[in-house]
Structure formats: C-alpha cells, structure tokens
Amino acid sequence: MNYTILLIGGGGREHAIAKAITDSPRCEKLYVAPGNAGTQSLAFNVTLDTGNFDTVAQFCESYHVDWIVVGPEQPLVDGIYDYFIDHKVKIIGPSKVAAMLEGSKSFAKAFMKKMNIPTAGYRAFTQETLQEGVNLLKSHPTPIVLKADGLAAGKGVLILEDRDEAIREFKSMLSGKFGVASQTVVVEEFLSGIEFSVFVATDGKEYVILPEAKDYKRIGEQDKGLNTGGMGAVSPVPFYDDAMKAKVIKQVIEPTIAGIQQEALDYTGFIFLGLISVDNNPYVIEYNCRMGDPETEVVFPRIKSDIVSLFEAMVDNTLDQYSLETKAETAVTVFSVSGGYPGAYDKGKEIDIPVDSDQCYYYHAGTKAIDSSVVTNGGRVIAATALANDLESAIQRAQEGAKALTFEGQYYRTDIGKDLLPYL
Ligand code: AMP
Ligand code: GLY
C-alpha cells in the first residue's frame, strides 16, 4: 500500500524527513505544514493552524491523509495523538502522557528512577517546597543544574557556578521566570563528560535503533557563546563504540521500552535519548519525544532503508520483522545562520544555493520561496550535509558546502566535527 502523509513542522529536520519520505516509491503524496522553501521543492506546503486539531482533522479528511508525522514536540505534548485516537488517520508520535517524557522533566526523572535508568541525581521543588530547595542549594556541590520542569523553548536549563546566584535563579524560576514551565523546578547533580544522542523508533513494544549523532549547540567555535537551536551535527560518533552501544541498549533502551510498557504508555514514534558518557558509562541527560534538529540532518541521510516502510512497521506493530539498513559513511552537517543569531537578525535576504549532489545536500530551515528566489526567513537558515567515507573528508565537504552557499550576513562554524577526530 502507498500512503498520503501530512508532515508537521518547518525546519531542517522536517526537510530531511520530507526528503526520506519522498525518496520512497511508497509515498503517494506528501503535505508539509508549514514547511519551507526546501520542502516546497519536494512536496506540497500547506498553511494550517497545526495547534488546532479540528482544522488538522478537516484537512486530513479532505485530502485523504493516512498518517501524520509530527516533527516538533509541541503538538505531541498538546495531545495530537490522543485527539486522533478514534480517527482513521494514524499519528507517528507518542500520546500526550508519553510525551511528558520530554514535556515534564520531573516526570522523566521519576520514570528513570523507577526503571533504574542511569541519570543525574535530582530533587523537584514547587512554591510550597521553596524553602527546602533553598536549604538544599545552600550546601549543594557546584556547578548547580536548575531545570524548568516544562517546555521552555530550549532555554529552561541553567548551570550555575555560584550558590547565591543559583538560589536567586531558583526563586525567580519558581516565581514564573519561564511561566508555567518553571512552576516546578528540578535541581540536578552536575555530570561531567561528553554528550551524544541515540534515536530509537518504537511502537511501544519493539524498537529499532537509528544511527547516533553528536550536535553542536553553541554559536561560537569550540562551543563558546550563546546556546542556539543547533549549529551542526555528526553521525556516526567515533567514541560510541560497541561496548558503549551495548551499555546504552542494556542500561537505557531496554529499561525505557520496558517502562513504556509497564506504565501502559502509547508510544508510536521516535525516542531521542540525550546521553552523556561519564567515565565510559552512559547517563540520560534528557528524553525527547521526537527526532532532533540538526541531528536528523545527519541521521536520516545515513538510513538506507525505505522510511515509509519503517513508519508502516511502527504503525502496524511489525517492527519485530523490520531490520533497518544504514550507510557506513559519515555525515556532517553545518548550519548557516543569519547574522546576529541567536540574538536579533534580519530576514528576507536572498540566498544563492548550489545544486544538491550525492556529496552535499542542502536542508532548508528558515527559508521561504518568493517567486523564483529563496530568501532567509529565520535564524538558522540552511544545513549543508555532506556524506563521505571518513570523518575528515565529511568535515571538509560540509565546510565546502556551507562556503558555497551565500547570503548577506551568513555565519557558520568552521569546527563542526573536528573535536571527534582524536577518537578515531
Ligand atoms: P536539556 O535541556 O535537559 O537537554 O539540557 C540542556 C543542556 O544542559 C544539555 O545538553 C547539557 O549540555 C546540559 N545539562 C543538562 N543537564 C545536565 C547535568 N545534569 N549535568 C551536566 N550538564 C547538563
Ligand atoms: N538538537 C537538540 C534538539 O533537537 O532538541
């Protein structure tokens, strides 16, 4: 059977997912809401209020949509899966409660504690227990990690060296610094190590492991400066060797899937495990209930298998019969961003985009097509993903790819992936 699919989202992640879907002969038609200039060249961009599930349902009925693939977390945390439970349309994404693994840090921590999954020690506090929290912080080892419980657009985590400052921030968070997201604050033990991400596709019982990745969050070289939505990524990750993989499966993935079953969570979708290696042991920093961005821009190009067949196996609960084929090549992506990002930046700058090739593919994020030209329409503009036989060549090719792209104010990091060369 072939499928008509609606993909929700408009970033580089969604362009990468759209590319994989439209590469499949089993995709009948793909709609992307809202999409960007990149998805527009592959599929049909549609303007839909995706926060209004009635509107989404009407669209799906009119256009005979079989599946909705949800890119970002918000619709999942808002319960899009639950809304469509009695509809013909199937959602690739977890239920509202299961999405709390991302939507509530305290929920995720309690889940991990219950399932004995390695993670930083923690306590959760509210206004009612503020004084207890302050007392804890007065003698807490530094650095101190404070996390807003709910979704805070990637800004809800503070890592502080100074106890007095941590106490001030803790109080300010509980008084609404991040709105309802920080009505509960998690105080966490600080873990020191190197981070990486592992992705799992599951139907809640069986699972398939996708290629792993490492992302680069800061605006500046050597990971200095302000946090961004992601400046680049690499897959595979050289220090994620067989021994580490075995530990991740046994200590993290297996108990996570067991917990999903034990708690009777409906989970047809992706689990993004944000991990940190501490003395060669994996700890979970966070769960996300979706694929990552920019990780998808290196993970999906390394998948050889038909992605529509993977979605089908997830929806039909036949993942036990599914085996995922991946490419041995290394993928590196380098994001070009608008000048000024992550602060204020201009939009509407015309972009000169080279033609895609087997060696370099341009995944659009903040772009918009106007007549026959493409202009910037966001902070993170286009990710240049290169594939090569080794990391060094992939790094170089991705740099060449980013350099060949031009728009006024363009900035990109020149060090993406270089920190991983010593691990080879
Ligand atoms: P999160 O939003 O939970 O992914 O946190 C954002 C970033 O903060 C992570 O990617 C880590 O770099 C850092 N972080 C979060 N929790 C910890 C922790 N317990 N120890 C050290 N770093 C952390
Ligand atoms: N790259 C991190 C995220 O997608 O949340």
# chains A, B, ... in the order shown; residues from 1 in each chain; ligands from 1
>>> residues_around(residues="Thr129 of chain A", least_positions_apart="3", cutoff="12 Å", atoms="only C-alpha atoms", output="ChimeraX atom specification")
/A:123-126,132-136,170-171,174,183-186
>>> closest_atom_pairs(of="segment 85-135 of chain A", to="segment 256-260 of chain A", cutoff="10 Å", atoms="only C-alpha atoms", output="CSV")
residue,atom,partner,partner_atom,distance
A:Ala98,CA,A:Ile260,CA,7.8
A:Phe111,CA,A:Gly259,CA,7.3
A:Met112,CA,A:Thr256,CA,7.7
A:Lys114,CA,A:Gly259,CA,8.3
A:Met115,CA,A:Gly259,CA,6.3
A:Asn116,CA,A:Thr256,CA,9.5
A:Ile117,CA,A:Thr256,CA,7.7
>>> residues_around(residues="Asp390 of chain A", least_positions_apart="5", cutoff="9 Å", atoms="only C-alpha atoms", output="ChimeraX atom specification")
/A:329-331,395
>>> write_last_selection(atoms="C-alpha atoms", output="PDB file, in the first residue's frame")
ATOM      1  CA  GLU A 329      29.522   6.636   5.511  1.00  0.00           C
ATOM      2  CA  THR A 330      29.996   9.573   7.870  1.00  0.00           C
ATOM      3  CA  ALA A 331      27.601  12.511   7.675  1.00  0.00           C
ATOM      4  CA  ILE A 395      34.026  17.637   7.689  1.00  0.00           C
TER       5      ILE A 395
END
>>> atom_distance(atom1="atom CA of Ala99 of chain A", atom2="atom CA of Val145 of chain A")
22.6 Å
>>> closest_atom_pairs(of="chain A", to="ligand 1", cutoff="10 Å", atoms="only C-alpha atoms and all ligand atoms", output="CSV")
residue,atom,partner,partner_atom_place_in_ligand_line,distance
A:Glu102,CA,ligand 1,3 (O),9.0
A:Lys105,CA,ligand 1,3 (O),7.8
A:Thr119,CA,ligand 1,19 (N),7.7
A:Ala120,CA,ligand 1,19 (N),5.3
A:Gly121,CA,ligand 1,19 (N),7.9
A:Tyr122,CA,ligand 1,19 (N),8.5
A:Pro143,CA,ligand 1,21 (C),8.5
A:Ile144,CA,ligand 1,20 (N),8.4
A:Val145,CA,ligand 1,19 (N),6.0
A:Leu146,CA,ligand 1,16 (N),8.1
A:Lys147,CA,ligand 1,3 (O),7.2
A:Ala148,CA,ligand 1,2 (O),9.0
A:Asp149,CA,ligand 1,3 (O),9.6
A:Leu151,CA,ligand 1,2 (O),8.9
A:Ala152,CA,ligand 1,2 (O),8.8
A:Ala153,CA,ligand 1,2 (O),9.0
A:Gly154,CA,ligand 1,2 (O),5.8
A:Lys155,CA,ligand 1,2 (O),7.4
A:Gly156,CA,ligand 1,2 (O),6.7
A:Val157,CA,ligand 1,5 (O),5.4
A:Leu158,CA,ligand 1,8 (O),7.3
A:Ile159,CA,ligand 1,8 (O),7.2
A:Val187,CA,ligand 1,19 (N),8.7
A:Glu188,CA,ligand 1,19 (N),5.4
A:Glu189,CA,ligand 1,19 (N),5.2
A:Phe190,CA,ligand 1,20 (N),3.6
A:Leu191,CA,ligand 1,20 (N),3.7
A:Ser192,CA,ligand 1,21 (C),5.8
A:Gly193,CA,ligand 1,21 (C),7.9
A:Ile194,CA,ligand 1,12 (O),8.8
A:Glu195,CA,ligand 1,12 (O),7.1
A:Phe196,CA,ligand 1,10 (O),8.9
A:Ser197,CA,ligand 1,10 (O),9.7
A:Asp215,CA,ligand 1,10 (O),9.2
A:Tyr216,CA,ligand 1,10 (O),9.5
A:Lys217,CA,ligand 1,10 (O),8.0
A:Asn227,CA,ligand 1,7 (C),9.1
A:Leu273,CA,ligand 1,4 (O),9.6
A:Gly274,CA,ligand 1,4 (O),6.6
A:Leu275,CA,ligand 1,10 (O),8.4
A:Ile276,CA,ligand 1,11 (C),8.2
A:Tyr283,CA,ligand 1,19 (N),9.1
A:Val284,CA,ligand 1,19 (N),8.7
A:Ile285,CA,ligand 1,16 (N),5.2
A:Glu286,CA,ligand 1,3 (O),4.9
A:Tyr287,CA,ligand 1,3 (O),7.9
A:Asn288,CA,ligand 1,4 (O),8.6
>>> residues_near_ligand(ligand="ligand 2", cutoff="7 Å", atoms="only C-alpha atoms and all ligand atoms", output="PDB file with N, CA, C and O atoms, in the first residue's frame")
ATOM      1  N   ASP A 215      25.607  16.673  18.472  1.00  0.00           N
ATOM      2  CA  ASP A 215      25.286  18.001  17.943  1.00  0.00           C
ATOM      3  C   ASP A 215      26.132  19.079  18.610  1.00  0.00           C
ATOM      4  O   ASP A 215      26.816  18.825  19.594  1.00  0.00           O
ATOM      5  N   GLY A 229      19.686  26.807  18.445  1.00  0.00           N
ATOM      6  CA  GLY A 229      18.900  25.618  18.117  1.00  0.00           C
ATOM      7  C   GLY A 229      19.768  24.508  17.547  1.00  0.00           C
ATOM      8  O   GLY A 229      19.276  23.411  17.279  1.00  0.00           O
ATOM      9  N   GLY A 230      21.053  24.760  17.377  1.00  0.00           N
ATOM     10  CA  GLY A 230      21.958  23.736  16.841  1.00  0.00           C
ATOM     11  C   GLY A 230      22.717  24.257  15.641  1.00  0.00           C
ATOM     12  O   GLY A 230      22.123  24.720  14.676  1.00  0.00           O
ATOM     13  N   ASN A 288      13.705  13.174  24.594  1.00  0.00           N
ATOM     14  CA  ASN A 288      12.810  13.968  23.755  1.00  0.00           C
ATOM     15  C   ASN A 288      11.877  12.986  23.054  1.00  0.00           C
ATOM     16  O   ASN A 288      12.266  11.842  22.793  1.00  0.00           O
ATOM     17  N   MET A 291      12.339  13.356  16.851  1.00  0.00           N
ATOM     18  CA  MET A 291      13.710  13.398  16.347  1.00  0.00           C
ATOM     19  C   MET A 291      14.345  14.742  16.701  1.00  0.00           C
ATOM     20  O   MET A 291      13.658  15.687  17.044  1.00  0.00           O
ATOM     21  N   GLY A 292      15.666  14.820  16.609  1.00  0.00           N
ATOM     22  CA  GLY A 292      16.373  16.051  16.944  1.00  0.00           C
ATOM     23  C   GLY A 292      16.627  16.908  15.721  1.00  0.00           C
ATOM     24  O   GLY A 292      16.593  16.438  14.592  1.00  0.00           O
ATOM     25  N   ASP A 293      16.898  18.173  15.964  1.00  0.00           N
ATOM     26  CA  ASP A 293      17.301  19.089  14.911  1.00  0.00           C
ATOM     27  C   ASP A 293      18.516  19.834  15.436  1.00  0.00           C
ATOM     28  O   ASP A 293      18.405  20.465  16.487  1.00  0.00           O
ATOM     29  N   PRO A 294      19.681  19.726  14.852  1.00  0.00           N
ATOM     30  CA  PRO A 294      20.019  19.271  13.497  1.00  0.00           C
ATOM     31  C   PRO A 294      20.412  17.785  13.371  1.00  0.00           C
ATOM     32  O   PRO A 294      20.891  17.387  12.307  1.00  0.00           O
ATOM     33  N   GLU A 295      20.188  16.956  14.400  1.00  0.00           N
ATOM     34  CA  GLU A 295      20.636  15.559  14.302  1.00  0.00           C
ATOM     35  C   GLU A 295      19.988  14.820  13.131  1.00  0.00           C
ATOM     36  O   GLU A 295      20.631  13.996  12.468  1.00  0.00           O
TER      37      GLU A 295
END
>>> select_by_dssp(residues="segment 383-418 of chain A", states="strand (DSSP E or B)", output="list in words")
Ala383, Ala384, Thr385, Ala386, Leu387, Ala388, Thr406 and Tyr411 of chain A
>>> atom_distance(atom1="atom CA of Gly220 of chain A", atom2="atom CA of Thr39 of chain A")
28.5 Å
>>> closest_residue(among="A:Phe84, A:Phe107, A:Phe270, A:Phe335", to="Tyr363 of chain A", atoms="only C-alpha atoms")
A:Phe335
>>> residues_around(residues="segment 306-317 of chain A", least_positions_apart="2", cutoff="10 Å", atoms="only C-alpha atoms", output="VMD selection string")
chain A and resid 1 to 3 5 17 to 27 67 69 90 to 93 201 to 208 267 to 270 300 303 to 304 319 to 325
>>> select_by_dssp(residues="segment 17-258 of chain A", states="alpha helix (DSSP H)", output="number ranges by chain")
A: 17-23, 37-40, 53-62, 74-77, 80-83, 100-103, 105-114, 130-138, 163-174, 242-247, 254-258
>>> closest_residue(among="A:Gly379, A:Phe272, A:Gln40, A:His15", to="Tyr361 of chain A", atoms="only C-alpha atoms")
A:His15
>>> residues_around(residues="Asp358 of chain A", least_positions_apart="4", cutoff="10 Å", atoms="only C-alpha atoms", output="PyMOL selection string")
chain A and resi 386-388
>>> residues_around(residues="Val374 of chain A", least_positions_apart="5", cutoff="8 Å", atoms="only C-alpha atoms", output="ChimeraX atom specification")
/A:37,350-352,367-369
>>> residues_around(residues="Thr228 of chain A", least_positions_apart="3", cutoff="7 Å", atoms="only C-alpha atoms", output="list of chain:residue names")
A:Lys217, A:Arg218, A:Ile219, A:Met231, A:Pro342
